[in-house]
file query35.cif (mmCIF, C-alpha atoms)
data_start
loop_
_atom_site.label_atom_id
_atom_site.label_comp_id
_atom_site.auth_asym_id
_atom_site.auth_seq_id
_atom_site.Cartn_x
_atom_site.Cartn_y
_atom_site.Cartn_z
CA MET Z 10 6.04 2.51 -23.42
CA THR Z 11 8.94 4.96 -23.78
CA LYS Z 12 12.17 4.84 -21.83
CA ALA Z 13 11.28 8.05 -19.99
CA THR Z 14 7.94 6.60 -18.89
CA ASP Z 15 9.68 3.48 -17.59
CA GLN Z 16 12.19 5.67 -15.79
CA GLY Z 17 9.45 7.80 -14.26
CA ARG Z 18 7.63 4.74 -12.98
CA ALA Z 19 10.88 3.32 -11.60
CA LEU Z 20 11.30 6.56 -9.63
CA VAL Z 21 7.81 6.18 -8.19
CA ALA Z 22 8.54 2.57 -7.19
CA LEU Z 23 11.82 3.73 -5.65
CA GLN Z 24 10.11 6.40 -3.59
CA ASP Z 25 7.50 3.90 -2.36
CA LEU Z 26 10.36 1.61 -1.33
CA ASP Z 27 12.35 4.45 0.28
CA GLU Z 28 9.30 5.25 2.42
CA GLN Z 29 8.93 1.60 3.41
CA ILE Z 30 12.58 1.48 4.46
CA ARG Z 31 12.23 4.73 6.40
CA ASP Z 32 9.20 3.34 8.24
CA ALA Z 33 10.99 0.07 8.98
CA GLU Z 34 13.97 1.98 10.37
CA SER Z 35 11.82 4.23 12.55
CA ALA Z 36 11.85 3.05 16.16
CA ALA Z 37 8.34 4.45 16.72
CA THR Z 38 6.87 2.66 13.70
CA ARG Z 39 8.65 -0.60 14.54
CA ALA Z 40 7.22 -0.42 18.05
CA LYS Z 41 3.70 0.02 16.64
CA TYR Z 42 4.17 -2.96 14.33
CA GLU Z 43 5.53 -5.16 17.10
CA GLU Z 44 2.66 -4.16 19.36
CA MET Z 45 0.26 -5.47 16.69
CA GLY Z 46 2.24 -8.73 16.39
CA PHE Z 47 4.23 -8.09 13.18
CA GLN Z 48 7.93 -8.94 12.93
CA LEU Z 49 10.18 -7.01 10.53
CA PRO Z 50 13.26 -9.16 9.95
CA GLY Z 51 13.75 -8.39 6.26
CA LEU Z 52 15.27 -4.92 6.17
CA ASP Z 53 18.35 -6.23 4.30
CA GLN Z 54 16.13 -7.59 1.51
CA LEU Z 55 14.52 -4.17 1.13
CA HIS Z 56 17.93 -2.53 0.83
CA GLU Z 57 18.84 -5.08 -1.87
CA ALA Z 58 15.61 -4.28 -3.75
CA GLN Z 59 16.44 -0.57 -3.40
CA GLU Z 60 19.89 -1.09 -4.94
CA LYS Z 61 18.40 -3.03 -7.85
CA LEU Z 62 15.89 -0.28 -8.55
CA GLU Z 63 18.58 2.40 -8.35
CA ASP Z 64 20.69 0.45 -10.84
CA ALA Z 65 17.77 0.54 -13.30
CA ILE Z 66 17.48 4.34 -13.14
CA ASP Z 67 19.56 6.73 -15.24
CA THR Z 68 22.38 8.15 -13.09
CA LYS Z 69 21.51 11.80 -13.77
CA LEU Z 70 17.85 11.21 -13.00
CA LEU Z 71 18.70 9.33 -9.82
CA THR Z 72 20.98 12.16 -8.68
CA ARG Z 73 18.17 14.65 -9.36
CA TYR Z 74 15.77 12.46 -7.37
CA ARG Z 75 18.14 12.17 -4.39
CA LEU Z 76 18.88 15.93 -4.37
CA LEU Z 77 15.16 16.73 -4.48
CA ALA Z 78 14.44 14.19 -1.75
CA ASP Z 79 17.14 15.72 0.47
CA ARG Z 80 15.79 19.21 -0.15
CA ALA Z 81 12.06 18.62 -0.16
CA GLY Z 82 11.48 15.37 1.73
CA ARG Z 83 9.63 13.77 -1.16
CA ALA Z 84 11.04 14.10 -4.65
CA VAL Z 85 7.99 12.70 -6.43
CA VAL Z 86 4.52 13.97 -5.57
CA PRO Z 87 1.10 13.06 -6.92
CA VAL Z 88 -0.97 15.52 -8.92
CA VAL Z 89 -4.46 15.48 -7.41
CA GLU Z 90 -7.27 17.39 -9.10
CA GLY Z 91 -4.77 19.33 -11.18
CA THR Z 92 -2.70 20.42 -8.19
CA CYS Z 93 0.87 19.58 -7.21
CA THR Z 94 0.49 18.09 -3.72
CA GLY Z 95 4.04 19.21 -2.88
CA CYS Z 96 3.32 22.94 -3.02
CA PHE Z 97 -0.41 23.08 -3.88
CA THR Z 98 0.15 25.01 -7.08
CA ASN Z 99 -2.00 24.31 -10.14
CA VAL Z 100 -0.28 22.20 -12.76
CA PRO Z 101 -0.80 23.23 -16.43
CA THR Z 102 -3.12 20.77 -18.17
CA SER Z 103 -0.60 20.49 -21.03
CA PHE Z 104 1.71 18.61 -18.63
CA THR Z 105 -0.56 15.56 -18.74
CA SER Z 106 -0.07 15.07 -22.46
CA SER Z 107 3.69 15.57 -22.08
CA VAL Z 108 3.72 12.71 -19.59
CA TYR Z 109 1.74 10.55 -22.02
CA GLU Z 110 4.46 11.33 -24.55
CA GLY Z 111 6.99 9.91 -22.15
CA GLN Z 112 8.45 12.99 -20.48
CA ILE Z 113 9.17 13.33 -16.78
CA MET Z 114 7.64 16.62 -15.66
CA ASN Z 115 8.65 18.80 -12.76
CA CYS Z 116 6.39 21.22 -10.93
CA GLU Z 117 7.10 24.73 -12.24
CA SER Z 118 6.78 26.11 -8.72
CA CYS Z 119 8.56 23.70 -6.36
CA GLY Z 120 10.56 21.61 -8.82
CA ARG Z 121 9.32 18.25 -7.54
CA ILE Z 122 8.79 15.41 -10.02
CA LEU Z 123 5.09 15.00 -10.80
CA PHE Z 124 3.12 11.76 -10.90
CA TRP Z 125 -0.49 11.29 -11.98
CA PRO Z 126 -1.91 8.41 -9.87
CA MET E 22 -10.37 6.55 15.43
CA THR E 23 -13.85 5.04 15.50
CA PHE E 24 -14.98 2.13 13.40
CA ASP E 25 -17.57 4.37 11.74
CA GLU E 26 -14.68 6.45 10.40
CA LEU E 27 -12.98 3.31 9.12
CA VAL E 28 -16.06 2.04 7.33
CA GLN E 29 -16.06 4.98 4.93
CA TYR E 30 -12.88 3.53 3.37
CA MET E 31 -14.52 0.14 2.77
CA SER E 32 -17.16 -0.72 0.17
CA PRO E 33 -19.06 -3.71 -1.24
CA GLU E 34 -16.87 -3.48 -4.37
CA LEU E 35 -13.88 -4.10 -2.11
CA PHE E 36 -15.12 -7.39 -0.68
CA VAL E 37 -13.84 -10.68 -2.13
CA PRO E 38 -15.89 -13.50 -0.48
CA ASN E 39 -13.67 -16.32 -1.70
CA LEU E 40 -10.23 -15.91 -3.21
CA GLU E 41 -9.32 -18.27 -6.03
CA ALA E 42 -5.56 -18.08 -5.48
CA ARG E 43 -3.94 -20.86 -3.47
CA GLU E 44 -0.47 -19.51 -2.84
CA LYS E 45 0.95 -16.28 -1.46
CA SER E 46 2.23 -14.61 -4.60
CA ALA E 47 -1.01 -15.33 -6.48
CA VAL E 48 -3.06 -14.01 -3.54
CA LEU E 49 -1.17 -10.71 -3.66
CA GLU E 50 -1.91 -10.53 -7.40
CA GLU E 51 -5.59 -11.31 -6.90
CA LEU E 52 -5.95 -8.77 -4.09
CA THR E 53 -4.26 -6.12 -6.23
CA THR E 54 -6.52 -6.88 -9.19
CA ALA E 55 -9.57 -6.67 -6.94
CA VAL E 56 -8.55 -3.31 -5.50
CA VAL E 57 -7.85 -1.88 -8.97
CA GLU E 58 -11.25 -3.08 -10.20
CA GLY E 59 -13.15 -1.92 -7.13
CA SER E 60 -11.59 1.47 -6.33
CA LYS E 61 -9.97 4.50 -7.90
CA VAL E 62 -6.53 2.92 -7.60
CA LYS E 63 -5.25 2.39 -11.16
CA ASP E 64 -1.65 1.23 -11.13
CA HIS E 65 -1.65 -2.54 -10.63
CA ALA E 66 2.11 -2.96 -11.09
CA LEU E 67 3.13 -0.30 -8.57
CA ILE E 68 0.75 -1.61 -5.90
CA LEU E 69 1.86 -5.20 -6.41
CA GLU E 70 5.54 -4.24 -6.20
CA MET E 71 4.94 -2.29 -2.99
CA LEU E 72 3.01 -5.20 -1.42
CA ARG E 73 5.69 -7.73 -2.42
CA ASN E 74 8.38 -5.53 -0.90
CA ARG E 75 6.36 -5.24 2.30
CA GLU E 76 6.13 -9.04 2.53
CA GLN E 77 9.92 -9.23 2.11
CA LEU E 78 10.27 -7.05 5.18
CA GLY E 79 8.24 -9.62 7.13
CA SER E 80 5.03 -11.52 6.60
CA THR E 81 1.88 -9.52 7.28
CA ALA E 82 0.13 -12.71 8.42
CA LEU E 83 -0.62 -13.01 12.12
CA GLU E 84 -1.04 -16.26 14.03
CA THR E 85 -4.80 -15.77 14.10
CA GLY E 86 -5.22 -16.82 10.46
CA VAL E 87 -5.53 -13.20 9.37
CA ALA E 88 -3.16 -11.23 7.13
CA PHE E 89 -2.84 -7.49 6.58
CA PRO E 90 -1.03 -6.77 3.31
CA HIS E 91 -0.56 -3.03 3.46
CA GLY E 92 1.52 0.02 2.70
CA ARG E 93 1.71 3.51 1.30
CA SER E 94 2.10 4.23 -2.39
CA LEU E 95 2.07 7.18 -4.75
CA ALA E 96 -0.48 5.20 -6.75
CA VAL E 97 -3.05 5.69 -3.97
CA THR E 98 -4.91 8.94 -3.28
CA ARG E 99 -6.97 7.95 -0.24
CA LEU E 100 -7.03 5.21 2.36
CA THR E 101 -8.53 2.11 0.75
CA ILE E 102 -9.48 -1.07 2.60
CA LEU E 103 -10.31 -4.36 0.90
CA VAL E 104 -11.60 -7.44 2.74
CA ALA E 105 -11.04 -10.91 1.27
CA ARG E 106 -11.46 -14.49 2.42
CA SER E 107 -10.14 -17.89 1.50
CA SER E 108 -12.22 -20.83 2.75
CA ASP E 109 -9.39 -23.30 2.06
CA GLY E 110 -6.74 -21.01 3.50
CA VAL E 111 -3.37 -20.00 2.07
CA ASP E 112 0.19 -20.42 3.33
CA PHE E 113 1.04 -16.75 3.88
CA ASP E 114 4.23 -17.36 5.89
CA SER E 115 2.63 -16.85 9.27
CA GLU E 116 4.81 -17.48 12.35
CA ASP E 117 2.87 -20.61 13.32
CA GLY E 118 2.80 -21.98 9.76
CA LYS E 119 -0.98 -22.24 9.81
CA PRO E 120 -3.07 -21.20 6.79
CA THR E 121 -4.45 -17.69 6.47
CA HIS E 122 -8.17 -17.34 5.81
CA LEU E 123 -8.93 -13.63 6.22
CA PHE E 124 -7.21 -10.79 4.43
CA PHE E 125 -7.44 -7.06 5.08
CA LEU E 126 -5.63 -5.08 2.40
CA LEU E 127 -4.89 -1.51 3.48
CA LEU E 128 -3.47 1.01 1.02
CA ALA E 129 -2.65 4.60 1.89
CA PRO E 130 -1.25 7.61 0.05
CA PRO E 131 2.31 8.72 0.82
CA HIS E 132 1.12 11.95 2.43
CA ASP E 133 -0.63 9.95 5.16
CA THR E 134 1.46 11.91 7.62
CA GLY E 135 -0.29 10.81 10.78
CA ASN E 136 0.18 7.17 9.75
CA PHE E 137 -3.60 6.97 9.67
CA TYR E 138 -3.38 3.58 7.98
CA LEU E 139 -1.42 2.16 10.90
CA GLN E 140 -4.18 3.33 13.23
CA ALA E 141 -6.73 1.69 10.93
CA LEU E 142 -4.66 -1.48 10.86
CA GLY E 143 -4.43 -1.50 14.65
CA LYS E 144 -8.16 -0.99 15.00
CA ILE E 145 -9.01 -3.94 12.74
CA ALA E 146 -6.28 -6.14 14.26
CA GLU E 147 -7.75 -5.46 17.70
CA ALA E 148 -11.28 -6.33 16.55
CA ILE E 149 -10.31 -9.66 14.99
CA ARG E 150 -8.32 -10.90 18.00
CA ARG E 151 -11.54 -12.58 19.16
CA LYS E 152 -12.06 -16.02 17.67
CA ASP E 153 -15.85 -15.60 17.52
CA VAL E 154 -15.39 -12.45 15.42
CA ARG E 155 -13.13 -14.28 12.96
CA THR E 156 -15.58 -17.18 12.76
CA SER E 157 -18.48 -14.81 12.08
CA LEU E 158 -16.50 -12.98 9.42
CA MET E 159 -15.82 -16.26 7.63
CA LYS E 160 -19.55 -17.01 7.59
CA ALA E 161 -20.80 -13.58 6.52
CA VAL E 162 -22.52 -13.64 3.16
CA GLU E 163 -22.90 -9.95 2.38
CA PHE E 164 -20.50 -7.05 2.78
CA ASP E 165 -22.95 -5.31 5.15
CA GLU E 166 -22.66 -8.27 7.53
CA VAL E 167 -18.86 -7.94 7.52
CA VAL E 168 -19.17 -4.28 8.49
CA GLN E 169 -21.74 -5.05 11.18
CA ILE E 170 -19.57 -7.78 12.73
CA LEU E 171 -16.55 -5.48 12.83
CA GLN E 172 -18.57 -2.61 14.27
CA GLU E 173 -19.99 -4.80 17.01
CA ALA E 174 -16.53 -6.15 17.83
CA SER E 175 -14.88 -2.76 18.12
#

call {"tool": "encode", "arguments": {"input": "query35.cif", "output": "structure tokens"}}
result
Amino acid sequence: MTKATDQGRALVALQDLDEQIRDAESAATRAKYEEMGFQLPGLDQLHEAQEKLEDAIDTKLLTRYRLLADRAGRAVVPVVEGTCTGCFTNVPTSFTSSVYEGQIMNCESCGRILFWP
Amino acid sequence: MTFDELVQYMSPELFVPNLEAREKSAVLEELTTAVVEGSKVKDHALILEMLRNREQLGSTALETGVAFPHGRSLAVTRLTILVARSSDGVDFDSEDGKPTHLFFLLLAPPHDTGNFYLQALGKIAEAIRRKDVRTSLMKAVEFDEVVQILQEAS
């Protein structure tokens, strides 16, 4: 596996974790969890895991991720049936092979980082 | 949300009648393997990492002997629900320290904007509050029976 592929997957893991933290910090979501009987005492551990993941990502790539996330809500979006789910534009089929070669691809239309689930 | 709506995200391929794993970390691994083998979810490592992080936030085991490992991930394209059981039970860090026997794994895509999976989770959690429902679920042989028990309880 190439470095870029590892980096791309680390970004995906980071976004999953960012969403988990956002949910855990949301008063509405916490209330729903507590209503069902779940306790959420481990927010600090999630922040620690977030820092570790960030440390493993190239600084320039991480900056790009954070800027995109600030601008677009989600920096990484899945490609479903050949479409970027960030802006619903078709993604060129050649992008798939570029990803297999280890590149991180951005949507040509909205600029978000693409992930093939 | 009705239970009929929920059932469309479950399938016989996503039913594990008796888990082999005997401790929490191994259960998460086994559940992840089962969901990768039984659904369109492909990325074992991403799912496992997400589930482990969720457990760090707080155990998903309730005091009723039921756990709900769950979360949203980019590796998931549609709500996916897996049902698993452990006849011996597993220490899943529940509040009361008692073993967990029933597992409902719920995975959702990140664009689950209405937190549909939380509604699904709530619906199942409500159904299994009854002890007789949990007992029946532990005895069910086929997946269809599991669905029928949950439908009747909801």

call {"tool": "resolve_selection", "arguments": {"input": "query35.cif", "expression": "the PyMOL selection byres ((chain E) within 10 of (chain Z))", "output": "short mmCIF file (atom, residue, chain, number, x, y, z; two decimals) with C-alpha atoms, in the frame of the given file"}}
result
data_model
loop_
_atom_site.label_atom_id
_atom_site.label_comp_id
_atom_site.auth_asym_id
_atom_site.auth_seq_id
_atom_site.Cartn_x
_atom_site.Cartn_y
_atom_site.Cartn_z
CA LYS E 61 -9.97 4.50 -7.90
CA VAL E 62 -6.53 2.92 -7.60
CA LYS E 63 -5.25 2.39 -11.16
CA ASP E 64 -1.65 1.23 -11.13
CA ALA E 66 2.11 -2.96 -11.09
CA LEU E 67 3.13 -0.30 -8.57
CA ILE E 68 0.75 -1.61 -5.90
CA GLU E 70 5.54 -4.24 -6.20
CA MET E 71 4.94 -2.29 -2.99
CA ASN E 74 8.38 -5.53 -0.90
CA ARG E 75 6.36 -5.24 2.30
CA GLU E 76 6.13 -9.04 2.53
CA GLN E 77 9.92 -9.23 2.11
CA LEU E 78 10.27 -7.05 5.18
CA GLY E 79 8.24 -9.62 7.13
CA SER E 80 5.03 -11.52 6.60
CA THR E 81 1.88 -9.52 7.28
CA ALA E 82 0.13 -12.71 8.42
CA LEU E 83 -0.62 -13.01 12.12
CA GLU E 84 -1.04 -16.26 14.03
CA PHE E 89 -2.84 -7.49 6.58
CA GLY E 92 1.52 0.02 2.70
CA ARG E 93 1.71 3.51 1.30
CA SER E 94 2.10 4.23 -2.39
CA LEU E 95 2.07 7.18 -4.75
CA ALA E 96 -0.48 5.20 -6.75
CA VAL E 97 -3.05 5.69 -3.97
CA THR E 98 -4.91 8.94 -3.28
CA SER E 115 2.63 -16.85 9.27
CA GLU E 116 4.81 -17.48 12.35
CA PRO E 130 -1.25 7.61 0.05
CA PRO E 131 2.31 8.72 0.82
CA HIS E 132 1.12 11.95 2.43
CA ASN E 136 0.18 7.17 9.75
CA LEU E 139 -1.42 2.16 10.90
CA GLN E 140 -4.18 3.33 13.23
CA LEU E 142 -4.66 -1.48 10.86
CA GLY E 143 -4.43 -1.50 14.65
CA LYS E 144 -8.16 -0.99 15.00
CA ALA E 146 -6.28 -6.14 14.26
CA GLU E 147 -7.75 -5.46 17.70
#

call {"tool": "atom_distance", "arguments": {"input": "query35.cif", "atom1": "CA of Ile66 (chain Z)", "atom2": "CA of Cys116 (chain Z)"}}
result
20.3 Å

call {"tool": "closest_residue", "arguments": {"input": "query35.cif", "among": "Z:Arg80, Z:Gly111, Z:Cys119, Z:Leu20", "to": "Ala65 (chain Z)", "atoms": "only C-alpha atoms"}}
result
Z:Leu20

call {"tool": "residues_near_point", "arguments": {"input": "query35.cif", "point": "(19.3, 10.5, -10.0)", "cutoff": "12 Å", "atoms": "only C-alpha atoms", "output": "ChimeraX atom specification"}}
result
/Z:16-17,19-20,23-24,62-79,84,122

call {"tool": "resolve_selection", "arguments": {"input": "query35.cif", "expression": "the PyMOL selection byres ((chain E and resi 163-168) around 12)", "output": "mmCIF file with C-alpha atoms, in the coordinates of the input"}}
result
data_model
loop_
_atom_site.group_PDB
_atom_site.id
_atom_site.type_symbol
_atom_site.label_atom_id
_atom_site.label_comp_id
_atom_site.auth_asym_id
_atom_site.auth_seq_id
_atom_site.Cartn_x
_atom_site.Cartn_y
_atom_site.Cartn_z
ATOM 1 C CA PHE E 24 -14.980 2.130 13.400
ATOM 2 C CA ASP E 25 -17.570 4.370 11.740
ATOM 3 C CA GLU E 26 -14.680 6.450 10.400
ATOM 4 C CA LEU E 27 -12.980 3.310 9.120
ATOM 5 C CA VAL E 28 -16.060 2.040 7.330
ATOM 6 C CA GLN E 29 -16.060 4.980 4.930
ATOM 7 C CA TYR E 30 -12.880 3.530 3.370
ATOM 8 C CA MET E 31 -14.520 0.140 2.770
ATOM 9 C CA SER E 32 -17.160 -0.720 0.170
ATOM 10 C CA PRO E 33 -19.060 -3.710 -1.240
ATOM 11 C CA GLU E 34 -16.870 -3.480 -4.370
ATOM 12 C CA LEU E 35 -13.880 -4.100 -2.110
ATOM 13 C CA PHE E 36 -15.120 -7.390 -0.680
ATOM 14 C CA VAL E 37 -13.840 -10.680 -2.130
ATOM 15 C CA PRO E 38 -15.890 -13.500 -0.480
ATOM 16 C CA ASN E 39 -13.670 -16.320 -1.700
ATOM 17 C CA ILE E 102 -9.480 -1.070 2.600
ATOM 18 C CA LEU E 103 -10.310 -4.360 0.900
ATOM 19 C CA VAL E 104 -11.600 -7.440 2.740
ATOM 20 C CA ALA E 105 -11.040 -10.910 1.270
ATOM 21 C CA ARG E 106 -11.460 -14.490 2.420
ATOM 22 C CA LEU E 123 -8.930 -13.630 6.220
ATOM 23 C CA PHE E 125 -7.440 -7.060 5.080
ATOM 24 C CA ILE E 145 -9.010 -3.940 12.740
ATOM 25 C CA ALA E 148 -11.280 -6.330 16.550
ATOM 26 C CA ILE E 149 -10.310 -9.660 14.990
ATOM 27 C CA VAL E 154 -15.390 -12.450 15.420
ATOM 28 C CA ARG E 155 -13.130 -14.280 12.960
ATOM 29 C CA THR E 156 -15.580 -17.180 12.760
ATOM 30 C CA SER E 157 -18.480 -14.810 12.080
ATOM 31 C CA LEU E 158 -16.500 -12.980 9.420
ATOM 32 C CA MET E 159 -15.820 -16.260 7.630
ATOM 33 C CA LYS E 160 -19.550 -17.010 7.590
ATOM 34 C CA ALA E 161 -20.800 -13.580 6.520
ATOM 35 C CA VAL E 162 -22.520 -13.640 3.160
ATOM 36 C CA GLN E 169 -21.740 -5.050 11.180
ATOM 37 C CA ILE E 170 -19.570 -7.780 12.730
ATOM 38 C CA LEU E 171 -16.550 -5.480 12.830
ATOM 39 C CA GLN E 172 -18.570 -2.610 14.270
ATOM 40 C CA GLU E 173 -19.990 -4.800 17.010
ATOM 41 C CA ALA E 174 -16.530 -6.150 17.830
ATOM 42 C CA SER E 175 -14.880 -2.760 18.120
#

call {"tool": "closest_residue", "arguments": {"input": "query35.cif", "among": "E:Arg73, E:His122, E:Ala129, E:Gly59", "to": "Ala88 (chain E)", "atoms": "all atoms listed in the file"}}
result
E:His122

call {"tool": "resolve_selection", "arguments": {"input": "query35.cif", "expression": "the PyMOL selection byres ((chain Z and resi 108) around 10)", "output": "list of chain:residue names"}}
result
Z:Ala13, Z:Thr14, Z:Gly17, Z:Ser103, Z:Phe104, Z:Thr105, Z:Ser106, Z:Ser107, Z:Tyr109, Z:Glu110, Z:Gly111, Z:Gln112, Z:Ile113, Z:Met114, Z:Leu123, Z:Phe124, Z:Trp125

call {"tool": "atom_distance", "arguments": {"input": "query35.cif", "atom1": "CA of Arg151 (chain E)", "atom2": "CA of Val87 (chain E)"}}
result
11.5 Å

call {"tool": "atom_distance", "arguments": {"input": "query35.cif", "atom1": "CA of Gly86 (chain E)", "atom2": "CA of Pro120 (chain E)"}}
result
6.1 Å

call {"tool": "residues_around", "arguments": {"input": "query35.cif", "residues": "Leu52 (chain E)", "least_positions_apart": "3", "cutoff": "8 Å", "atoms": "only C-alpha atoms", "output": "ChimeraX atom specification"}}
result
/E:48-49,55-56,103,105,126

call {"tool": "residues_around", "arguments": {"input": "query35.cif", "residues": "Ala42 (chain E)", "least_positions_apart": "3", "cutoff": "9 Å", "atoms": "all atoms listed in the file", "output": "mmCIF file with C-alpha atoms, in the coordinates of the input"}}
result
data_model
loop_
_atom_site.group_PDB
_atom_site.id
_atom_site.type_symbol
_atom_site.label_atom_id
_atom_site.label_comp_id
_atom_site.auth_asym_id
_atom_site.auth_seq_id
_atom_site.Cartn_x
_atom_site.Cartn_y
_atom_site.Cartn_z
ATOM 1 C CA LYS E 45 0.950 -16.280 -1.460
ATOM 2 C CA SER E 46 2.230 -14.610 -4.600
ATOM 3 C CA ALA E 47 -1.010 -15.330 -6.480
ATOM 4 C CA VAL E 48 -3.060 -14.010 -3.540
ATOM 5 C CA LEU E 49 -1.170 -10.710 -3.660
ATOM 6 C CA GLU E 50 -1.910 -10.530 -7.400
ATOM 7 C CA GLU E 51 -5.590 -11.310 -6.900
ATOM 8 C CA SER E 107 -10.140 -17.890 1.500
ATOM 9 C CA VAL E 111 -3.370 -20.000 2.070
#
